[in-house]
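Okay, run.cif now, which holds mmCIF, C-alpha atoms and all ligand atoms:
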data_input
loop_
_atom_site.label_atom_id
_atom_site.label_comp_id
_atom_site.auth_asym_id
_atom_site.auth_seq_id
_atom_site.Cartn_x
_atom_site.Cartn_y
_atom_site.Cartn_z
CA MET A 1 163.10 79.25 136.04
CA ALA A 2 160.62 76.44 136.39
CA ALA A 3 157.07 77.22 135.37
CA VAL A 4 154.36 76.67 137.95
CA LEU A 5 152.43 73.79 136.52
CA GLU A 6 150.55 71.06 138.26
CA LEU A 7 148.75 68.05 136.83
CA ILE A 8 145.64 66.93 138.67
CA ALA A 9 144.20 63.49 138.01
CA GLY A 10 141.14 61.84 139.49
CA SER A 11 140.85 58.08 139.88
CA TYR A 12 138.44 55.20 140.34
CA GLU A 13 140.15 54.70 143.70
CA GLN A 14 138.53 57.92 145.05
CA ILE A 15 141.85 59.74 145.21
CA ALA A 16 142.84 62.98 143.49
CA PHE A 17 146.55 63.23 142.66
CA GLY A 18 148.53 66.43 142.24
CA TYR A 19 151.89 66.33 140.45
CA GLN A 20 154.15 69.33 140.27
CA VAL A 21 155.87 69.47 136.90
CA ASN A 22 159.41 70.73 136.56
CA THR A 23 159.67 72.15 133.05
CA ASP A 24 163.39 72.91 133.17
CA GLY A 25 165.43 70.89 130.76
CA GLU A 26 164.69 68.56 127.87
CA GLU A 27 162.79 66.08 129.90
CA TRP A 28 160.09 67.20 132.27
CA THR A 29 159.83 65.59 135.64
CA ALA A 30 156.65 65.22 137.69
CA LYS A 31 156.87 65.12 141.46
CA ALA A 32 153.93 64.02 143.59
CA ASN A 33 152.76 67.05 145.54
CA PHE A 34 149.53 65.86 147.12
CA THR A 35 146.93 63.13 147.27
CA HIS A 36 143.44 64.02 148.45
CA HIS A 37 141.09 61.35 149.60
CA ALA A 38 137.98 63.44 150.22
CA HIS A 39 135.57 61.46 148.05
CA THR A 40 133.83 58.25 149.06
CA ALA A 41 133.34 56.99 145.49
CA SER A 42 135.20 57.19 142.18
CA ILE A 43 136.08 60.60 140.78
CA SER A 44 134.27 61.46 137.57
CA ALA A 45 135.31 65.03 136.71
CA ALA A 46 138.04 67.57 137.46
CA ALA A 47 138.67 71.22 136.60
CA ALA A 48 141.10 73.95 137.59
CA SER A 49 140.97 77.73 137.85
CA GLU A 50 143.67 80.21 138.81
CA ARG A 51 143.29 79.32 142.45
CA PHE A 52 141.08 76.26 142.85
CA VAL A 53 140.91 72.69 141.73
CA VAL A 54 137.53 70.96 141.89
CA THR A 55 136.75 67.27 141.59
CA GLY A 56 133.33 65.72 141.16
CA SER A 57 132.40 62.18 142.07
CA LYS A 58 129.90 59.40 142.03
CA ASP A 59 129.45 60.28 145.71
CA GLU A 60 127.39 63.30 144.47
CA THR A 61 129.77 65.90 145.94
CA ILE A 62 132.19 68.40 144.47
CA GLN A 63 135.36 68.80 146.53
CA LEU A 64 137.31 72.04 146.50
CA TYR A 65 141.04 72.45 146.87
CA ASP A 66 142.74 75.76 147.38
CA MET A 67 145.91 75.43 145.32
CA LYS A 68 147.49 78.57 146.77
CA LYS A 69 147.16 77.39 150.34
CA LYS A 70 147.36 73.72 149.39
CA THR A 71 144.40 72.92 151.62
CA GLU A 72 141.00 71.32 151.25
CA HIS A 73 138.38 74.02 151.00
CA GLY A 74 135.19 72.07 151.63
CA ALA A 75 132.53 70.41 149.53
CA LEU A 76 129.74 71.73 147.30
CA LEU A 77 126.54 69.85 147.96
CA HIS A 78 123.69 70.41 145.59
CA HIS A 79 123.55 67.57 143.11
CA ASP A 80 121.57 64.44 143.71
CA GLY A 81 123.55 62.09 141.49
CA THR A 82 127.02 61.56 140.02
CA ILE A 83 128.81 64.76 139.01
CA THR A 84 129.44 64.34 135.29
CA CYS A 85 131.05 67.63 134.27
CA LEU A 86 132.80 70.64 135.78
CA GLU A 87 133.96 73.79 134.03
CA PHE A 88 135.30 77.08 135.35
CA TYR A 89 134.53 80.31 133.63
CA GLY A 90 137.58 82.49 134.30
CA SER A 91 138.12 82.77 138.03
CA SER A 92 134.62 83.98 138.93
CA HIS A 93 132.28 81.09 138.19
CA LEU A 94 132.12 77.32 138.18
CA LEU A 95 129.51 75.29 136.31
CA SER A 96 128.67 71.75 137.33
CA GLY A 97 126.45 69.17 135.67
CA GLY A 98 125.15 65.91 137.05
CA GLU A 99 123.17 62.76 136.50
CA ASP A 100 120.29 64.52 138.28
CA GLY A 101 119.82 66.59 135.10
CA LEU A 102 120.87 69.82 136.84
CA ILE A 103 123.39 72.43 135.86
CA CYS A 104 124.55 74.61 138.77
CA VAL A 105 126.28 77.94 138.42
CA TRP A 106 128.54 78.63 141.41
CA SER A 107 130.17 81.84 142.47
CA THR A 108 133.78 81.17 143.40
CA LYS A 109 133.77 84.06 145.90
CA LYS A 110 131.46 82.57 148.50
CA TRP A 111 130.93 79.25 146.78
CA GLU A 112 127.19 79.72 146.69
CA CYS A 113 124.96 78.22 144.06
CA LEU A 114 123.78 81.25 142.05
CA LYS A 115 121.56 79.20 139.78
CA SER A 116 120.26 75.69 139.67
CA ILE A 117 118.92 74.87 136.23
CA LYS A 118 116.85 71.79 135.46
CA ALA A 119 118.73 71.33 132.22
CA HIS A 120 117.89 67.88 130.88
CA HIS A 121 115.36 65.12 131.30
CA GLY A 122 117.91 62.47 132.21
CA HIS A 123 121.60 63.06 132.82
CA VAL A 124 123.63 66.09 131.88
CA THR A 125 126.59 64.46 130.11
CA SER A 126 128.69 67.50 129.17
CA LEU A 127 128.66 71.28 129.19
CA SER A 128 130.76 74.07 127.72
CA VAL A 129 130.78 77.81 128.39
CA HIS A 130 131.09 80.14 125.39
CA PRO A 131 134.37 82.13 125.46
CA SER A 132 132.28 85.32 125.96
CA GLY A 133 130.75 83.88 129.14
CA LYS A 134 127.30 84.78 127.87
CA LEU A 135 125.99 81.33 127.22
CA ALA A 136 126.65 77.67 127.71
CA LEU A 137 125.90 74.51 125.78
CA SER A 138 124.89 71.23 127.33
CA VAL A 139 124.13 67.74 126.10
CA GLY A 140 122.24 65.06 127.96
CA THR A 141 120.68 61.63 127.82
CA ASP A 142 117.43 63.15 126.51
CA LYS A 143 119.03 63.38 123.03
CA THR A 144 119.05 67.16 123.05
CA LEU A 145 121.67 69.84 122.75
CA ARG A 146 120.64 72.94 124.71
CA THR A 147 121.90 76.48 124.74
CA TRP A 148 121.69 78.41 128.01
CA ASN A 149 121.57 82.10 128.64
CA LEU A 150 123.79 82.19 131.71
CA ILE A 151 122.28 85.33 133.16
CA ASN A 152 118.64 84.39 133.41
CA GLY A 153 119.36 80.66 133.39
CA ARG A 154 116.85 80.08 130.64
CA SER A 155 117.12 77.84 127.67
CA ALA A 156 117.88 79.95 124.59
CA PHE A 157 117.22 77.13 122.16
CA ILE A 158 116.96 73.39 122.13
CA LYS A 159 118.14 71.14 119.35
CA ASN A 160 116.94 67.59 119.07
CA ILE A 161 120.02 65.72 117.89
CA LYS A 162 118.30 62.30 117.94
CA GLN A 163 121.25 60.69 119.72
CA ASN A 164 122.88 60.98 123.12
CA ALA A 165 125.98 63.11 122.77
CA HIS A 166 128.49 62.68 125.58
CA ILE A 167 130.81 65.62 124.94
CA VAL A 168 130.14 69.20 123.80
CA ARG A 169 132.85 71.89 123.33
CA TRP A 170 132.99 75.43 121.98
CA SER A 171 135.96 76.30 119.81
CA PRO A 172 138.28 78.93 121.38
CA ASP A 173 136.91 81.65 119.06
CA GLY A 174 133.33 80.63 119.83
CA ASP A 175 132.24 80.57 116.18
CA LYS A 176 131.63 76.82 116.18
CA TYR A 177 131.23 73.88 118.52
CA VAL A 178 131.54 70.12 118.43
CA ALA A 179 129.22 67.48 119.85
CA VAL A 180 130.59 63.95 120.22
CA VAL A 181 128.34 60.91 119.78
CA ASN A 182 130.21 57.60 120.33
CA ASP A 183 133.01 57.66 117.74
CA LYS A 184 131.76 60.71 115.80
CA VAL A 185 132.64 64.38 116.13
CA ASN A 186 129.88 66.54 114.68
CA ILE A 187 130.93 70.08 113.90
CA TYR A 188 128.28 72.80 114.29
CA ASP A 189 128.21 76.35 113.09
CA LEU A 190 127.13 78.89 115.73
CA GLU A 191 124.96 80.93 113.40
CA THR A 192 123.02 78.17 111.72
CA ALA A 193 123.24 75.60 114.55
CA SER A 194 123.53 72.95 111.86
CA VAL A 195 126.15 70.28 111.33
CA THR A 196 128.79 71.48 108.88
CA GLY A 197 130.93 68.36 109.02
CA THR A 198 131.57 65.06 110.76
CA VAL A 199 134.75 63.14 111.48
CA THR A 200 134.83 59.55 112.69
CA ASN A 201 137.41 58.22 115.12
CA PRO A 202 138.28 54.50 114.84
CA LYS A 203 137.08 53.96 118.43
CA ARG A 204 134.62 55.47 120.90
CA ILE A 205 135.80 58.93 121.94
CA SER A 206 136.50 59.65 125.62
CA SER A 207 137.90 63.16 125.46
CA VAL A 208 138.48 66.05 123.05
CA LYS A 209 140.41 69.32 123.35
CA PHE A 210 140.72 72.26 120.97
CA LEU A 211 144.42 73.04 120.42
CA ASN A 212 143.54 76.11 118.38
CA ASN A 213 140.38 77.20 116.59
CA SER A 214 140.73 74.56 113.88
CA ILE A 215 142.71 71.67 115.39
CA LEU A 216 140.93 69.28 117.75
CA ALA A 217 142.79 66.63 119.75
CA VAL A 218 140.71 63.44 120.02
CA ALA A 219 141.32 60.50 122.37
CA GLY A 220 139.32 57.36 123.05
CA ASP A 221 139.25 53.63 123.43
CA ASP A 222 142.59 52.98 121.82
CA GLU A 223 146.16 54.04 122.61
CA ILE A 224 146.29 56.79 119.98
CA VAL A 225 145.70 60.53 120.28
CA ARG A 226 144.68 62.04 116.95
CA PHE A 227 144.57 65.64 115.78
CA CYS A 228 141.77 66.61 113.46
CA ASP A 229 141.64 69.64 111.18
CA LEU A 230 137.97 70.57 111.51
CA GLY A 231 137.95 72.82 108.45
CA LYS A 232 139.24 70.04 106.21
CA GLU A 233 137.48 67.31 108.23
CA LYS A 234 140.73 65.35 108.10
CA TRP A 235 143.07 63.72 110.59
CA VAL A 236 146.36 65.55 110.33
CA CYS A 237 148.49 63.88 113.01
CA GLU A 238 148.40 60.89 115.34
CA PHE A 239 150.67 59.37 117.94
CA LYS A 240 150.65 56.56 120.45
CA ALA A 241 150.06 58.04 123.88
CA HIS A 242 149.27 55.10 126.16
CA GLU A 243 149.32 51.31 126.28
CA THR A 244 145.59 50.62 126.12
CA ARG A 245 142.97 53.37 126.20
CA VAL A 246 143.17 57.12 126.71
CA LYS A 247 140.79 58.47 129.36
CA ALA A 248 141.46 62.19 129.07
CA VAL A 249 143.42 64.68 127.03
CA ASP A 250 144.21 68.27 127.96
CA SER A 251 146.48 71.00 126.65
CA PHE A 252 147.88 74.32 127.76
CA VAL A 253 149.94 77.13 126.31
CA MET A 254 153.44 77.93 127.46
CA GLU A 255 155.91 80.50 126.27
CA ASP A 256 158.79 78.77 124.49
CA TYR A 257 156.32 76.18 123.22
CA CYS A 258 154.00 78.39 121.22
CA VAL A 259 154.15 76.81 117.78
CA LEU A 260 151.71 74.02 117.16
CA GLU A 261 153.57 71.49 115.02
CA LEU A 262 151.53 68.89 113.25
CA GLU A 263 154.20 66.27 113.62
CA SER A 264 154.30 63.52 116.18
CA PRO A 265 154.94 65.40 119.40
CA THR A 266 157.83 64.61 121.72
CA LEU A 267 157.03 63.03 125.04
CA LEU A 268 158.26 65.47 127.66
CA GLY A 269 157.50 63.39 130.68
CA GLU A 270 155.29 60.76 132.18
CA VAL A 271 154.25 59.56 135.58
CA ASN A 272 152.87 56.28 136.89
CA THR A 273 150.28 56.93 139.58
CA THR A 274 149.52 53.19 139.90
CA ALA A 275 145.83 54.17 140.09
CA ARG A 276 143.19 53.78 137.39
CA LEU A 277 142.74 57.37 136.30
CA THR A 278 139.43 58.81 135.13
CA CYS A 279 139.96 62.52 134.51
CA LEU A 280 142.58 65.21 134.24
CA ALA A 281 143.05 68.94 134.80
CA VAL A 282 146.00 71.28 134.42
CA TRP A 283 146.54 73.89 137.12
CA LYS A 284 148.53 76.80 135.80
CA PRO A 285 147.84 80.03 137.69
CA SER A 286 149.51 82.37 135.21
CA SER A 287 147.35 81.52 132.18
CA VAL A 288 143.91 82.57 133.29
CA GLN A 289 141.49 84.29 130.95
CA GLN A 290 139.64 87.43 131.95
CA THR A 291 135.99 87.13 132.78
CA ALA A 292 133.51 89.36 131.02
CA GLU A 293 130.15 89.43 132.70
CA GLU A 294 128.25 90.31 129.59
CA PRO A 295 125.16 88.22 129.25
CA ALA A 296 123.13 87.46 126.21
CA SER A 297 119.56 88.69 126.16
CA GLU A 298 116.54 86.62 125.23
CA ALA A 299 117.80 85.28 121.93
CA THR A 300 115.73 82.32 120.85
CA THR A 301 117.29 81.35 117.56
CA SER A 302 120.90 80.68 116.72
CA GLU A 303 121.02 83.74 114.42
CA GLU A 304 119.82 85.97 117.25
CA LEU A 305 122.39 84.40 119.53
CA ALA A 306 125.15 85.07 117.06
CA GLN A 307 124.01 88.70 116.88
CA GLU A 308 123.76 88.96 120.66
CA LEU A 309 127.31 87.70 121.04
CA SER A 310 128.63 90.62 119.05
CA LYS A 311 126.82 93.20 121.23
CA LYS A 312 128.26 94.80 124.33
CA LYS A 313 126.18 95.14 127.45
CA ARG A 314 126.73 95.05 131.16
CA VAL A 315 124.32 93.27 133.47
CA ARG A 316 124.79 92.12 137.02
CA ILE A 317 124.47 88.45 137.76
CA VAL A 318 121.62 87.83 140.16
CA ALA A 319 120.99 84.81 142.29
CA GLU A 320 117.83 82.97 141.39
CA GLU A 321 116.43 79.50 141.25
CA VAL A 322 115.43 78.56 137.73
CA VAL A 323 113.31 75.67 136.62
CA LEU A 324 113.19 74.52 133.06
CA GLU A 325 109.91 75.46 131.50
CA ASP A 326 107.86 73.06 129.52
CA GLU A 327 109.51 73.48 126.14
CA SER A 328 106.43 72.35 124.25
CA LYS A 329 104.86 75.73 124.99
CA PRO A 330 106.02 78.54 122.75
CA LYS A 331 108.22 81.02 124.59
CA LYS A 332 107.34 84.68 124.76
CA LYS A 333 109.88 86.83 123.08
CA LYS A 334 110.99 89.76 125.19
CA LYS A 335 112.06 93.11 123.94
CA GLY A 336 115.82 93.64 124.22
CA GLY A 337 116.41 95.56 127.49
CA GLY A 338 116.41 99.21 126.40
CA LYS A 339 118.44 98.65 123.27
C1 LIG A 401 153.64 71.03 147.36
O1 LIG A 401 153.81 72.32 146.79
C2 LIG A 401 153.91 73.36 147.73
C3 LIG A 401 153.95 74.67 146.97
O2 LIG A 401 154.91 74.63 145.95
C4 LIG A 401 155.13 73.16 148.62
O3 LIG A 401 155.22 74.19 149.58
C5 LIG A 401 155.00 71.80 149.31
O4 LIG A 401 156.17 71.55 150.06
C6 LIG A 401 154.79 70.68 148.29
N1 LIG A 401 154.52 69.44 149.00
C7 LIG A 401 155.11 68.30 148.69
C8 LIG A 401 154.73 67.10 149.52
O5 LIG A 401 155.94 68.21 147.80
C1 LIG A 402 146.09 75.88 114.04
O1 LIG A 402 147.37 75.28 114.01
C2 LIG A 402 147.75 74.76 112.73
C3 LIG A 402 149.06 74.02 112.90
O2 LIG A 402 150.05 74.85 113.43
C4 LIG A 402 147.80 75.88 111.72
O3 LIG A 402 148.14 75.35 110.45
C5 LIG A 402 146.46 76.57 111.66
O4 LIG A 402 146.53 77.69 110.80
C6 LIG A 402 146.02 77.02 113.03
N1 LIG A 402 144.66 77.49 112.94
C7 LIG A 402 144.23 78.58 113.56
C8 LIG A 402 142.81 78.94 113.33
O5 LIG A 402 144.95 79.24 114.29
C1 LIG A 403 152.96 51.39 137.13
O1 LIG A 403 153.37 50.90 138.39
C2 LIG A 403 152.77 49.65 138.77
C3 LIG A 403 153.18 49.31 140.20
O2 LIG A 403 154.53 49.57 140.42
C4 LIG A 403 153.18 48.56 137.76
O3 LIG A 403 152.56 47.34 138.08
C5 LIG A 403 152.74 49.00 136.36
O4 LIG A 403 153.18 48.08 135.39
C6 LIG A 403 153.30 50.39 136.02
N1 LIG A 403 152.73 50.82 134.76
C7 LIG A 403 153.47 51.29 133.76
C8 LIG A 403 152.73 51.68 132.52
O5 LIG A 403 154.69 51.41 133.83
#
Just give me the structure of the file as structure tokens.
Ligand SMILES: *[C@@H]1O[C@H](CO)[C@@H](O)[C@H](O)[C@H]1NC(C)=O
Ligand SMILES: *[C@@H]1O[C@H](CO)[C@@H](O)[C@H](O)[C@H]1NC(C)=O
Ligand SMILES: *[C@@H]1O[C@H](CO)[C@@H](O)[C@H](O)[C@H]1NC(C)=O
Amino acid sequence: MAAVLELIAGSYEQIAFGYQVNTDGEEWTAKANFTHHAHTASISAAAASERFVVTGSKDETIQLYDMKKKTEHGALLHHDGTITCLEFYGSSHLLSGGEDGLICVWSTKKWECLKSIKAHHGHVTSLSVHPSGKLALSVGTDKTLRTWNLINGRSAFIKNIKQNAHIVRWSPDGDKYVAVVNDKVNIYDLETASVTGTVTNPKRISSVKFLNNSILAVAGDDEIVRFCDLGKEKWVCEFKAHETRVKAVDSFVMEDYCVLELESPTLLGEVNTTARLTCLAVWKPSSVQQTAEEPASEATTSEELAQELSKKKRVRIVAEEVVLEDESKPKKKKKGGGK
């Protein structure tokens, strides 16, 4: 039986492509299922949940597609600038970041903006939600890496990284994260929030994806995709993926393909969209993680955050507008809510 799997790609030509992948047989085939032309400028970001695909654009909108009904589901209008990053948390929330410096937290039930956070002075370039759903990381053109408590929308701590990182990602276990600056992957430890290692790609990096908690796939301005072992800080595998540059890399887990081999992988299939692609998402309704709405409290240091992440608590998400406070003022430390 063919798995339900669809590849979504955004393009400079304003069009989002959907390809249904037939995974029967040795060679996979991709069949065009839809093209959406809802944006009026190039597409800059894409993400998929169990039910929805979202694309963000230079036209400052986020377009929604209902993958079950295969229909357009409207647009999310809140940002005042190019949408730079989109990430679902489970099937309940979507986070968006933009060149307006905002991070918005959207409920996927009514598609309302639950929180609008003034996250960076300058652009938000990338964000990543911790696997627990309690906090998120963001990087921006103000040379900072910020940690967000997703419940109160406040900054938990700010790290001046002295350079503009353009990608930030939590590892699947949430014990470490990576921040990418040009051709360098800096590996951070959650508890100390300090760099524990750095690996350098031969070219500027465009996209990274954790394959498991220690192997990171890295792609950039050459035709090669490389796998890095973050523990050893070593490249362990590489293969030619495209003719010139690689814009985006993604991965997913499928039964029958559960062993990660560090040998040159086999090409299962390819498709020529004839467009200049900018971003990629995999829609696979059967592989969705469960959402835990367990927020962090007012942790202000990375050690406190690490401790918070191991606690269990249940708090309702409330809608509120949050503005970034002047971080030069010392923050008041609150007592942990009844703990
Ligand atoms: C797209 O996929 C849906 C659901 O599988 C199917 O009903 C529809 O016919 C497909 N459309 C095209 C143009 O292949
Ligand atoms: C990740 O995959 C590699 C290659 O299969 C394996 O050697 C390694 O132990 C895995 N690491 C984790 C943390 O699962
Ligand atoms: C994709 O298709 C276009 C138009 O048919 C063609 O010009 C181009 O060379 C193809 N690209 C690849 C990599 O096959």
When you look at range 234-238 of chain A with a cut-off of 7 Å (counting all atoms listed in the file), what residues show up, excluding the ones that are within fewer than 6 positions of it in the same chain? I need them as a short mmCIF file (atom, residue, chain, number, x, y, z; two decimals) with C-alpha atoms, in the coordinates of the input.
data_model
loop_
_atom_site.label_atom_id
_atom_site.label_comp_id
_atom_site.auth_asym_id
_atom_site.auth_seq_id
_atom_site.Cartn_x
_atom_site.Cartn_y
_atom_site.Cartn_z
CA ILE A 224 146.29 56.79 119.98
CA VAL A 225 145.70 60.53 120.28
CA ARG A 226 144.68 62.04 116.95
CA PHE A 227 144.57 65.64 115.78
CA CYS A 228 141.77 66.61 113.46
CA LEU A 262 151.53 68.89 113.25
CA GLU A 263 154.20 66.27 113.62
CA SER A 264 154.30 63.52 116.18
#
Return the padded bounding box of range 5-19 of chain A as lines of an AutoDock Vina configuration file: axis-aligned, built from all atoms listed in the file, 6 Å added on each side, with centre and edge lengths in Å to one decimal.
center_x = 145.4
center_y = 64.2
center_z = 140.9
size_x = 26.0
size_y = 31.1
size_z = 20.7
* Please tell me which residues are no farther than 12 Å from (149.6, 76.6, 123.4) in the file, counting all atoms listed in the file, and write them as JSON, numbers by chain. => {"A": [172, 209, 210, 211, 212, 213, 215, 250, 251, 252, 253, 254, 255, 256, 257, 258, 259, 260, 261, 287]}
Find the residues of range 30-104 of chain A that sit at most 9 Å from range 116-120 of chain A; for each, write down the nearest two atoms and how far apart they are in Å, to one decimal. Count only C-alpha atoms. Sort by chain, then by number going up, and give it as CSV.
residue,atom,partner,partner_atom,distance
A:His78,CA,A:Ser116,CA,8.6
A:Gly97,CA,A:Ala119,CA,8.7
A:Asp100,CA,A:His120,CA,8.5
A:Gly101,CA,A:His120,CA,4.8
A:Leu102,CA,A:Lys118,CA,4.7
A:Ile103,CA,A:Ile117,CA,5.1
A:Cys104,CA,A:Ser116,CA,4.5
* From the list A:Tyr19, A:Tyr177, A:Phe239, A:Trp106, which residue is nearest Thr192 in chain A when using all atoms listed in the file? -> A:Tyr177
* To do: Would you mind listing what lies within 12 Å of Thr35 in chain A as a ChimeraX atom specification, with all atoms listed in the file counted and same-chain residues fewer than 4 positions away left out?
  => /A:7-11,13-20,31,39,65,70-72,273,275
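Pairwise distance (CA of Lys184 in chain A, CA of Ile205 in chain A) equals 7.6 Å.
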Neighbourhood of ligand LIG 401 (chain A) at 7 Å, counting only C-alpha atoms and all ligand atoms, reported as a PDB file with C-alpha atoms, keeping the file's coordinate frame:
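And here's out-v9.pdb as it stands now:
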ATOM      1  CA  ALA A  32     153.930  64.020 143.590  1.00  0.00           C
ATOM      2  CA  ASN A  33     152.760  67.050 145.540  1.00  0.00           C
ATOM      3  CA  PHE A  34     149.530  65.860 147.120  1.00  0.00           C
ATOM      4  CA  LYS A  70     147.360  73.720 149.390  1.00  0.00           C
TER       5      LYS A  70
END
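Here the question is which of A:Asp24, A:Asp173, A:Glu303, A:Glu243 gets nearest to ligand LIG 402 (chain A) using all atoms listed in the file, and that residue is A:Asp173.
Comparing A:Leu267, A:Ala241, A:Leu86, A:Ile161 by their smallest distance to ligand LIG 403 (chain A), the closest is A:Ala241 (using all atoms listed in the file).
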* Counting all atoms listed in the file, which of A:Leu77, A:Val271, A:Ala48, A:Val124 gets nearest to ligand LIG 403 (chain A)? -> A:Val271
* Identify the residues around (141.7, 60.4, 128.3) within a radius of 12 Å, measuring from only C-alpha atoms in the coordinates stated by the file, and give them as a PyMOL selection string. => chain A and resi 9-11+44-45+204-209+217-226+241-242+244-251+276-281
* Report the distance between CA of His79 in chain A and CA of Asp59 in chain A in Å, rounded to one decimal place. => 9.7 Å
* To do: Calculate how many Å separate CA of Leu150 in chain A from CA of Ile43 in chain A, rounding to one decimal.
  => 26.4 Å
* Structure fact -> Between A:Lys176, A:Tyr89, A:Asn182, A:Glu270, smallest distance to ligand LIG 402 (chain A) by only C-alpha atoms and all ligand atoms belongs to A:Lys176
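When all atoms listed in the file are used to measure the gap to Phe52 in chain A, the shortest distance among A:Pro265, A:Gly81, A:Gly90, A:Pro131 belongs to A:Gly90.
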* To do: Extract, using all atoms listed in the file, all DNA, RNA and protein residues at most 12 Å from Trp170 in chain A, discarding same-chain residues fewer than 5 positions from it, and format them as an MDAnalysis selection string.
  => chainID A and resid 126:133 135:138 147 175:180 186:190 208:214 216
